[in-house]
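Enquirer: File target-v8.cif below, mmCIF, C-alpha atoms:
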data_final
#
loop_
_atom_site.label_atom_id
_atom_site.label_comp_id
_atom_site.auth_asym_id
_atom_site.auth_seq_id
_atom_site.Cartn_x
_atom_site.Cartn_y
_atom_site.Cartn_z
CA MET A 1325 3.60 65.28 -67.34
CA ARG A 1326 3.24 67.95 -70.02
CA HIS A 1327 6.39 69.69 -71.12
CA VAL A 1328 6.74 73.36 -70.20
CA ASN A 1329 6.71 74.38 -73.87
CA GLU A 1330 3.36 72.63 -74.32
CA LEU A 1331 2.00 74.47 -71.29
CA ARG A 1332 3.10 77.76 -72.82
CA LEU A 1333 1.08 76.91 -75.94
CA TYR A 1334 -1.96 76.18 -73.80
CA ALA A 1335 -1.54 79.55 -72.08
CA LYS A 1336 -1.38 81.32 -75.42
CA GLU A 1337 -4.53 79.54 -76.59
CA ILE A 1338 -6.30 80.50 -73.36
CA ARG A 1339 -5.35 84.13 -73.97
CA ARG A 1340 -6.74 83.95 -77.50
CA GLU A 1341 -10.02 82.56 -76.20
CA ILE A 1342 -10.20 85.28 -73.53
CA ILE A 1343 -9.79 87.99 -76.16
CA ASN A 1344 -12.36 86.41 -78.49
CA MET A 1345 -15.06 85.84 -75.89
CA LEU A 1346 -14.68 89.29 -74.32
CA THR A 1347 -14.91 91.00 -77.70
CA GLU A 1348 -17.97 88.91 -78.59
CA SER A 1349 -19.69 89.81 -75.31
CA GLY A 1350 -18.72 93.48 -75.43
CA SER A 1351 -18.13 93.48 -71.68
CA GLY A 1352 -16.01 91.78 -69.07
CA HIS A 1353 -12.61 91.89 -67.45
CA THR A 1354 -9.60 91.80 -69.75
CA GLY A 1355 -6.54 92.71 -67.65
CA GLY A 1356 -6.92 90.33 -64.73
CA SER A 1357 -8.02 87.43 -66.94
CA LEU A 1358 -4.88 87.73 -69.08
CA SER A 1359 -2.56 88.15 -66.07
CA ALA A 1360 -3.81 84.87 -64.58
CA ALA A 1361 -3.58 82.80 -67.78
CA ASP A 1362 -0.22 81.17 -67.05
CA ILE A 1363 -1.21 80.27 -63.48
CA VAL A 1364 -4.53 78.74 -64.51
CA THR A 1365 -2.86 76.87 -67.36
CA ALA A 1366 -0.37 75.24 -64.99
CA LEU A 1367 -3.19 74.23 -62.63
CA TYR A 1368 -5.48 72.68 -65.23
CA PHE A 1369 -2.93 71.18 -67.60
CA TYR A 1370 -0.16 70.19 -65.22
CA LYS A 1371 -1.10 69.93 -61.58
CA MET A 1372 -4.76 69.35 -60.79
CA ARG A 1373 -6.57 66.01 -60.81
CA TYR A 1374 -10.06 66.07 -62.34
CA ARG A 1375 -12.36 64.21 -64.73
CA PRO A 1376 -14.22 66.44 -67.23
CA GLN A 1377 -16.82 63.74 -67.89
CA GLU A 1378 -17.26 63.18 -64.15
CA PRO A 1379 -17.06 66.72 -62.69
CA ALA A 1380 -18.27 65.62 -59.24
CA TRP A 1381 -15.56 62.93 -58.97
CA ARG A 1382 -14.97 62.64 -55.22
CA GLU A 1383 -11.18 62.57 -55.38
CA ARG A 1384 -10.75 65.57 -57.66
CA ASP A 1385 -8.68 68.61 -56.74
CA ARG A 1386 -10.71 71.78 -56.30
CA PHE A 1387 -10.13 75.21 -57.84
CA ILE A 1388 -11.69 78.34 -56.34
CA LEU A 1389 -11.55 81.51 -58.43
CA SER A 1390 -11.84 84.01 -55.60
CA LYS A 1391 -11.29 86.89 -58.05
CA GLY A 1392 -14.48 85.85 -59.79
CA HIS A 1393 -14.50 88.77 -62.24
CA ALA A 1394 -11.66 86.97 -64.07
CA ALA A 1395 -14.18 84.32 -65.10
CA PRO A 1396 -13.04 84.29 -68.78
CA VAL A 1397 -9.72 82.65 -67.85
CA LEU A 1398 -11.57 79.90 -65.97
CA TYR A 1399 -14.07 79.37 -68.77
CA ALA A 1400 -11.30 79.10 -71.35
CA ALA A 1401 -9.44 76.54 -69.23
CA LEU A 1402 -12.57 74.47 -68.61
CA ALA A 1403 -13.38 74.44 -72.32
CA LEU A 1404 -9.85 73.41 -73.34
CA ALA A 1405 -9.88 70.75 -70.62
CA GLY A 1406 -13.03 69.22 -72.08
CA PHE A 1407 -15.72 70.22 -69.57
CA PHE A 1408 -17.85 71.70 -72.37
CA ASP A 1409 -17.68 72.54 -76.08
CA ARG A 1410 -15.50 75.54 -76.91
CA VAL A 1411 -18.32 76.93 -79.07
CA LEU A 1412 -20.08 77.84 -75.82
CA LEU A 1413 -17.38 80.43 -75.08
CA LYS A 1414 -19.03 82.74 -77.61
CA SER A 1415 -22.05 83.01 -75.28
CA LEU A 1416 -20.15 84.79 -72.47
CA ARG A 1417 -22.43 87.16 -70.53
CA LYS A 1418 -25.36 86.63 -72.89
CA ILE A 1419 -28.93 86.04 -71.71
CA GLU A 1420 -29.48 82.45 -70.50
CA SER A 1421 -25.82 81.55 -71.03
CA PRO A 1422 -24.22 79.41 -68.29
CA LEU A 1423 -21.10 81.55 -68.76
CA GLN A 1424 -22.14 84.38 -66.50
CA GLY A 1425 -20.09 87.46 -65.68
CA HIS A 1426 -18.95 85.70 -62.52
CA PRO A 1427 -18.70 81.90 -62.19
CA SER A 1428 -21.89 80.14 -61.08
CA SER A 1429 -21.72 76.56 -59.82
CA LYS A 1430 -25.47 76.24 -60.38
CA HIS A 1431 -25.15 76.88 -64.09
CA LEU A 1432 -21.82 75.46 -65.25
CA SER A 1433 -20.16 72.10 -64.81
CA GLY A 1434 -16.63 72.37 -63.45
CA VAL A 1435 -17.25 75.46 -61.32
CA GLU A 1436 -16.84 74.39 -57.69
CA VAL A 1437 -18.45 77.41 -56.02
CA SER A 1438 -20.03 80.65 -57.17
CA THR A 1439 -17.69 83.60 -56.67
CA GLY A 1440 -17.61 87.30 -57.35
CA SER A 1441 -17.97 89.02 -53.98
CA LEU A 1442 -14.29 89.65 -53.34
CA GLY A 1443 -12.60 88.36 -50.19
CA GLN A 1444 -14.65 85.19 -49.74
CA GLY A 1445 -12.77 82.59 -51.77
CA LEU A 1446 -10.15 81.63 -49.20
CA SER A 1447 -12.82 81.10 -46.55
CA LEU A 1448 -14.64 78.78 -48.95
CA ALA A 1449 -11.36 76.98 -49.66
CA ASN A 1450 -10.82 76.48 -45.91
CA GLY A 1451 -14.21 74.83 -45.51
CA ILE A 1452 -13.63 72.53 -48.47
CA ALA A 1453 -10.14 71.63 -47.23
CA MET A 1454 -11.49 70.76 -43.78
CA GLY A 1455 -14.19 68.63 -45.34
CA LEU A 1456 -11.65 66.75 -47.46
CA ARG A 1457 -9.59 66.09 -44.35
CA LEU A 1458 -12.62 64.72 -42.49
CA ASP A 1459 -13.39 62.46 -45.44
CA GLY A 1460 -9.83 61.14 -45.46
CA LEU A 1461 -9.16 62.35 -49.01
CA ASP A 1462 -5.78 63.61 -50.20
CA SER A 1463 -7.32 66.03 -52.71
CA ARG A 1464 -5.97 69.58 -52.75
CA VAL A 1465 -7.67 72.96 -52.91
CA TYR A 1466 -6.25 75.79 -55.02
CA CYS A 1467 -7.56 79.32 -54.49
CA LEU A 1468 -6.67 82.18 -56.84
CA LEU A 1469 -6.85 85.64 -55.27
CA GLY A 1470 -6.37 89.08 -56.74
CA ASP A 1471 -3.90 91.44 -55.10
CA GLY A 1472 -6.47 94.22 -54.76
CA GLU A 1473 -8.70 91.61 -53.13
CA LEU A 1474 -6.20 91.35 -50.28
CA GLN A 1475 -7.54 94.69 -49.08
CA GLU A 1476 -10.57 92.72 -47.84
CA GLY A 1477 -10.30 91.88 -44.13
CA GLN A 1478 -11.95 88.49 -44.56
CA VAL A 1479 -8.92 87.28 -46.51
CA TRP A 1480 -6.74 87.70 -43.44
CA GLU A 1481 -9.27 86.05 -41.13
CA ALA A 1482 -9.22 83.10 -43.52
CA ALA A 1483 -5.41 83.19 -43.59
CA MET A 1484 -5.31 82.89 -39.81
CA THR A 1485 -7.83 80.05 -39.89
CA ALA A 1486 -5.92 78.01 -42.47
CA ALA A 1487 -2.69 78.33 -40.49
CA HIS A 1488 -4.38 77.57 -37.16
CA TYR A 1489 -5.83 74.32 -38.50
CA CYS A 1490 -2.62 73.43 -40.37
CA LEU A 1491 -4.46 73.09 -43.68
CA ASP A 1492 -1.57 71.82 -45.76
CA ASN A 1493 -4.03 70.71 -48.46
CA ILE A 1494 -4.61 74.36 -49.39
CA CYS A 1495 -2.52 76.35 -51.85
CA ALA A 1496 -3.48 80.00 -52.28
CA ILE A 1497 -2.13 81.88 -55.27
CA VAL A 1498 -2.04 85.68 -55.44
CA ASP A 1499 -2.24 87.16 -58.93
CA ASN A 1500 -0.06 90.10 -57.96
CA ASN A 1501 -0.31 92.35 -61.03
CA GLY A 1502 -0.17 95.56 -58.99
CA LEU A 1503 -3.35 97.11 -60.41
CA GLN A 1504 -7.03 97.20 -59.53
CA ILE A 1505 -10.01 99.01 -61.01
CA ASP A 1506 -9.10 102.35 -59.41
CA GLY A 1507 -5.38 102.27 -60.23
CA PHE A 1508 -2.24 101.00 -58.53
CA CYS A 1509 -2.88 98.87 -55.45
CA CYS A 1510 -0.19 100.79 -53.58
CA ASP A 1511 -2.15 104.01 -54.11
CA VAL A 1512 -5.60 102.63 -53.28
CA MET A 1513 -4.55 100.63 -50.20
CA LYS A 1514 -0.99 99.42 -49.75
CA ILE A 1515 -0.74 95.62 -49.47
CA GLU A 1516 3.02 95.10 -49.39
CA PRO A 1517 5.10 93.53 -47.94
CA LEU A 1518 3.12 90.47 -49.04
CA THR A 1519 5.77 87.83 -48.41
CA GLU A 1520 6.37 88.98 -44.83
CA LYS A 1521 2.64 89.34 -44.12
CA TRP A 1522 1.76 85.82 -45.19
CA LYS A 1523 4.73 84.42 -43.27
CA ALA A 1524 3.57 86.30 -40.17
CA PHE A 1525 0.16 84.66 -40.57
CA GLY A 1526 1.83 81.24 -40.45
CA TRP A 1527 1.97 80.34 -44.13
CA ASN A 1528 4.72 78.84 -46.23
CA VAL A 1529 5.42 81.48 -48.90
CA ILE A 1530 6.79 81.00 -52.41
CA ASP A 1531 7.49 84.21 -54.36
CA ILE A 1532 7.81 83.79 -58.13
CA ASP A 1533 7.51 85.36 -61.57
CA GLY A 1534 3.90 84.50 -62.38
CA HIS A 1535 4.58 84.28 -66.11
CA ASP A 1536 7.58 81.94 -65.94
CA MET A 1537 5.99 78.54 -66.55
CA GLU A 1538 8.95 76.63 -65.14
CA LYS A 1539 8.75 78.67 -61.93
CA ILE A 1540 4.99 78.17 -61.67
CA VAL A 1541 5.25 74.41 -62.14
CA GLY A 1542 8.10 74.22 -59.63
CA ALA A 1543 6.15 76.27 -57.08
CA LEU A 1544 3.08 74.03 -57.39
CA ASP A 1545 5.25 70.96 -56.89
CA GLU A 1546 6.96 72.51 -53.89
CA ALA A 1547 3.63 73.51 -52.33
CA GLU A 1548 2.34 69.96 -52.56
CA GLY A 1549 5.29 68.72 -50.52
CA VAL A 1550 4.84 71.16 -47.62
CA LYS A 1551 3.22 69.64 -44.53
CA GLU A 1552 1.60 71.09 -41.39
CA LYS A 1553 1.01 74.54 -42.88
CA PRO A 1554 -0.77 76.07 -45.88
CA THR A 1555 1.21 77.48 -48.79
CA VAL A 1556 0.71 80.70 -50.70
CA ILE A 1557 2.35 81.43 -54.04
CA ILE A 1558 2.90 85.14 -54.63
CA ALA A 1559 2.82 85.28 -58.42
CA ARG A 1560 4.29 88.56 -59.68
CA THR A 1561 2.33 89.21 -62.86
CA VAL A 1562 1.52 91.93 -65.39
CA LYS A 1563 -2.05 93.14 -65.90
CA GLY A 1564 -3.09 92.33 -69.48
CA LYS A 1565 -0.06 90.09 -70.05
CA GLY A 1566 0.41 88.87 -73.60
CA VAL A 1567 -1.02 91.88 -75.41
CA SER A 1568 1.35 94.85 -75.40
CA PHE A 1569 -1.29 97.60 -75.50
CA PHE A 1570 -3.24 96.07 -72.57
CA GLU A 1571 -0.22 95.44 -70.35
CA GLY A 1572 0.08 97.45 -67.16
CA LYS A 1573 -3.03 99.55 -67.76
CA ALA A 1574 -5.73 99.85 -65.09
CA GLU A 1575 -8.24 101.11 -67.66
CA TYR A 1576 -8.44 97.59 -69.12
CA HIS A 1577 -9.44 96.10 -65.77
CA GLY A 1578 -13.10 95.88 -66.73
CA VAL A 1579 -13.21 96.91 -70.39
CA ALA A 1580 -13.59 94.44 -73.25
CA PRO A 1581 -11.49 94.79 -76.42
CA SER A 1582 -13.02 96.41 -79.48
CA LYS A 1583 -13.03 94.39 -82.71
CA GLU A 1584 -10.02 96.34 -83.92
CA GLU A 1585 -8.18 95.70 -80.65
CA ARG A 1586 -9.13 92.02 -80.86
CA ASP A 1587 -7.65 91.65 -84.31
CA LYS A 1588 -4.45 93.40 -83.30
CA ALA A 1589 -4.23 91.34 -80.08
CA LEU A 1590 -4.68 88.05 -81.91
CA ARG A 1591 -1.90 88.96 -84.32
CA GLU A 1592 0.39 89.56 -81.35
CA LEU A 1593 -0.58 86.19 -79.87
CA GLU A 1594 0.26 84.25 -83.03
#
Please go through the file and, once you have read it, give me the structure as C-alpha cells.
Expert:
Amino acid sequence: MRHVNELRLYAKEIRREIINMLTESGSGHTGGSLSAADIVTALYFYKMRYRPQEPAWRERDRFILSKGHAAPVLYAALALAGFFDRVLLKSLRKIESPLQGHPSSKHLSGVEVSTGSLGQGLSLANGIAMGLRLDGLDSRVYCLLGDGELQEGQVWEAAMTAAHYCLDNICAIVDNNGLQIDGFCCDVMKIEPLTEKWKAFGWNVIDIDGHDMEKIVGALDEAEGVKEKPTVIIARTVKGKGVSFFEGKAEYHGVAPSKEERDKALRELE
C-alpha cells in the first residue's frame, strides 16, 4: 500500500500534467479537473485493481468518469499509471489525438466507457456492476460525478436502481466543489442536502474533505466493506484546487490557462 505522502506527490504531479496539457491545447476544463485530482489519485494509485499492459483484464476494477469534461484528470492518471506514454498528453484535443475533449473508449486504452453527456455515468456503472455480479466477479465499479451533474434527473433514477438491486459493488463519488459553468450550484439549481438525499435513496453515505488524502483513502476502504447497499462518497472539494488564482472561480470551469498562468501555476505546485 502506498503511503499517504506518496499519494499526495502523485496528486501534485497529476495537477502539473493537467495544467501543462490544457495550456498546450488552449482549451478544456481546468477547475473541475483540478478539484478531482486527489480523488482520482487515490483510486488509481491506492485502491483500484488494474493491469496497464492488459487493460481488458477481466478481474479489473472499473472507473467511470461521469463528469466527462474533466477528462484531463483521467488522462493524467492513466499516463502516470502506465497505460500510455506521458508524451501523448501534449496531444490533448488535437486532431486525430486519442485524447479527445471527453473520454472515448474507442480511441484510448484504459477508458471503460465514453462519457460527456452529463447524468449518464451512474446508469452505466449500474449495468457494469450487474454484469460483474452475474459473472461472479468481485470487481468494483467507481463512478465520479460532478455536483452540478446531480441536477440531471437520470442520476436519481440510477440511484434508486442501485439501491433496489443492492449493488454493493458500486461506489459513487461526488466531486462537490459547489460550482458549475453558470456559477454556484445553489444558485443554478439547489442540490443540498446531499447527504440526506442519498440516504433517502437507500445509499450508504460517507461525507469527507475531498482533498484530505487520509480521509479519501479511509472512505474508499470503508465503502469496500459495506454490504447489501451501494455507497456514495460526498467529497467536499474546491474548484481549481492547488492553484490559488483558479480556486473557487466558476470562470475557470471551461477555460484553459494562458502560458503566463501556466508558469505561475507550476511554480505554486513545486
Enquirer: Counting all atoms listed in the file, what is within 6 Å of segment 1529-1546 of chain A, bar same-chain residues fewer than 5 positions away, as number ranges by chain?
Expert: A: 1362, 1555-1561
Enquirer: Under the rule that all atoms listed in the file are counted, which of A:Ala1589, A:Leu1398, A:Leu1461, A:Ala1360 is the nearest residue to Val1435 of chain A?
Expert: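 Closest to Val1435 of chain A of all the choices is A:Leu1398.
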Enquirer: Residues within 6 Å of His1426 of chain A, please, as JSON, numbers by chain. Count only C-alpha atoms; anything in the same chain fewer than 2 positions from it doesn't count.
Expert: {"A": [1392, 1393, 1395, 1424, 1440]}
Enquirer: Quick check, in Å to one decimal: how far apart do atom CA of Glu1552 of chain A and atom CA of Cys1490 of chain A lie?
Expert: 4.9 Å
Enquirer: Applied to this file, what does the PyMOL selection byres ((chain A and resi 1571) around 12) return in terms of residues, put as a CSV table (one decimal) with C-alpha atoms, in the coordinates of the input?
Expert:
chain,number,residue,atom,x,y,z
A,1354,THR,CA,-9.6,91.8,-69.8
A,1355,GLY,CA,-6.5,92.7,-67.6
A,1356,GLY,CA,-6.9,90.3,-64.7
A,1357,SER,CA,-8.0,87.4,-66.9
A,1358,LEU,CA,-4.9,87.7,-69.1
A,1359,SER,CA,-2.6,88.2,-66.1
A,1501,ASN,CA,-0.3,92.4,-61.0
A,1502,GLY,CA,-0.2,95.6,-59.0
A,1503,LEU,CA,-3.4,97.1,-60.4
A,1561,THR,CA,2.3,89.2,-62.9
A,1562,VAL,CA,1.5,91.9,-65.4
A,1563,LYS,CA,-2.0,93.1,-65.9
A,1564,GLY,CA,-3.1,92.3,-69.5
A,1565,LYS,CA,-0.1,90.1,-70.0
A,1566,GLY,CA,0.4,88.9,-73.6
A,1567,VAL,CA,-1.0,91.9,-75.4
A,1568,SER,CA,1.4,94.8,-75.4
A,1569,PHE,CA,-1.3,97.6,-75.5
A,1570,PHE,CA,-3.2,96.1,-72.6
A,1572,GLY,CA,0.1,97.4,-67.2
A,1573,LYS,CA,-3.0,99.6,-67.8
A,1574,ALA,CA,-5.7,99.8,-65.1
A,1575,GLU,CA,-8.2,101.1,-67.7
A,1576,TYR,CA,-8.4,97.6,-69.1
A,1577,HIS,CA,-9.4,96.1,-65.8
A,1589,ALA,CA,-4.2,91.3,-80.1
Enquirer: When the PyMOL selection byres ((chain A and resi 1391) around 8) is applied to the file above, which residues end up in the set, as a count of residues only?
Expert: 13
Enquirer: Name the closest residue to Pro1396 of chain A among the candidates A:Lys1583, A:Lys1521, A:Arg1457, A:Arg1339; distances are taken between atoms, counting all atoms listed in the file.
Expert: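 Of A:Lys1583, A:Lys1521, A:Arg1457, A:Arg1339, the one nearest Pro1396 of chain A is A:Arg1339, counting all atoms listed in the file.
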Enquirer: Hey, can you check how far atom CA of Glu1548 of chain A sits from atom CA of Asp1492 of chain A?
Expert: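 It comes out at 8.1 Å.
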Enquirer: Could I see segment 1470-1492 of chain A restored to N, CA and C atoms, set down as an mmCIF file, in the frame of the given file?
Expert:
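To be explicit, this is the file written out as selection36.cif:
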data_model
loop_
_atom_site.group_PDB
_atom_site.id
_atom_site.type_symbol
_atom_site.label_atom_id
_atom_site.label_comp_id
_atom_site.auth_asym_id
_atom_site.auth_seq_id
_atom_site.Cartn_x
_atom_site.Cartn_y
_atom_site.Cartn_z
ATOM 1 N N GLY A 1470 -6.947 87.886 -56.148
ATOM 2 C CA GLY A 1470 -6.370 89.080 -56.740
ATOM 3 C C GLY A 1470 -5.611 89.859 -55.690
ATOM 4 N N ASP A 1471 -4.647 90.679 -56.097
ATOM 5 C CA ASP A 1471 -3.900 91.440 -55.100
ATOM 6 C C ASP A 1471 -4.737 92.554 -54.496
ATOM 7 N N GLY A 1472 -5.569 93.221 -55.311
ATOM 8 C CA GLY A 1472 -6.470 94.220 -54.760
ATOM 9 C C GLY A 1472 -7.453 93.600 -53.776
ATOM 10 N N GLU A 1473 -7.777 92.338 -54.017
ATOM 11 C CA GLU A 1473 -8.700 91.610 -53.130
ATOM 12 C C GLU A 1473 -8.138 91.455 -51.714
ATOM 13 N N LEU A 1474 -6.820 91.505 -51.590
ATOM 14 C CA LEU A 1474 -6.200 91.350 -50.280
ATOM 15 C C LEU A 1474 -6.479 92.542 -49.362
ATOM 16 N N GLN A 1475 -7.110 93.566 -49.901
ATOM 17 C CA GLN A 1475 -7.540 94.690 -49.080
ATOM 18 C C GLN A 1475 -8.797 94.345 -48.277
ATOM 19 N N GLU A 1476 -9.400 93.196 -48.577
ATOM 20 C CA GLU A 1476 -10.570 92.720 -47.840
ATOM 21 C C GLU A 1476 -10.122 92.039 -46.544
ATOM 22 N N GLY A 1477 -10.688 92.451 -45.424
ATOM 23 C CA GLY A 1477 -10.300 91.880 -44.130
ATOM 24 C C GLY A 1477 -10.565 90.401 -43.999
ATOM 25 N N GLN A 1478 -11.602 89.905 -44.674
ATOM 26 C CA GLN A 1478 -11.950 88.490 -44.560
ATOM 27 C C GLN A 1478 -10.829 87.586 -45.057
ATOM 28 N N VAL A 1479 -10.051 88.078 -46.012
ATOM 29 C CA VAL A 1479 -8.920 87.280 -46.510
ATOM 30 C C VAL A 1479 -7.974 86.938 -45.366
ATOM 31 N N TRP A 1480 -7.721 87.905 -44.506
ATOM 32 C CA TRP A 1480 -6.740 87.700 -43.440
ATOM 33 C C TRP A 1480 -7.324 86.885 -42.287
ATOM 34 N N GLU A 1481 -8.626 86.957 -42.083
ATOM 35 C CA GLU A 1481 -9.270 86.050 -41.130
ATOM 36 C C GLU A 1481 -9.127 84.612 -41.629
ATOM 37 N N ALA A 1482 -9.344 84.434 -42.923
ATOM 38 C CA ALA A 1482 -9.220 83.100 -43.520
ATOM 39 C C ALA A 1482 -7.768 82.624 -43.473
ATOM 40 N N ALA A 1483 -6.827 83.551 -43.660
ATOM 41 C CA ALA A 1483 -5.410 83.190 -43.590
ATOM 42 C C ALA A 1483 -5.053 82.676 -42.205
ATOM 43 N N MET A 1484 -5.551 83.356 -41.180
ATOM 44 C CA MET A 1484 -5.310 82.890 -39.810
ATOM 45 C C MET A 1484 -5.915 81.520 -39.575
ATOM 46 N N THR A 1485 -7.122 81.326 -40.088
ATOM 47 C CA THR A 1485 -7.830 80.050 -39.890
ATOM 48 C C THR A 1485 -7.070 78.897 -40.519
ATOM 49 N N ALA A 1486 -6.628 79.078 -41.764
ATOM 50 C CA ALA A 1486 -5.920 78.010 -42.470
ATOM 51 C C ALA A 1486 -4.639 77.619 -41.741
ATOM 52 N N ALA A 1487 -3.920 78.615 -41.218
ATOM 53 C CA ALA A 1487 -2.690 78.330 -40.490
ATOM 54 C C ALA A 1487 -2.984 77.663 -39.150
ATOM 55 N N HIS A 1488 -4.022 78.133 -38.462
ATOM 56 C CA HIS A 1488 -4.380 77.570 -37.160
ATOM 57 C C HIS A 1488 -4.704 76.086 -37.266
ATOM 58 N N TYR A 1489 -5.429 75.715 -38.322
ATOM 59 C CA TYR A 1489 -5.830 74.320 -38.500
ATOM 60 C C TYR A 1489 -4.840 73.531 -39.358
ATOM 61 N N CYS A 1490 -3.693 74.127 -39.633
ATOM 62 C CA CYS A 1490 -2.620 73.430 -40.370
ATOM 63 C C CYS A 1490 -3.133 72.808 -41.671
ATOM 64 N N LEU A 1491 -3.844 73.602 -42.451
ATOM 65 C CA LEU A 1491 -4.460 73.090 -43.680
ATOM 66 C C LEU A 1491 -3.423 73.014 -44.800
ATOM 67 N N ASP A 1492 -2.620 71.966 -44.751
ATOM 68 C CA ASP A 1492 -1.570 71.820 -45.760
ATOM 69 C C ASP A 1492 -2.101 71.313 -47.095
#
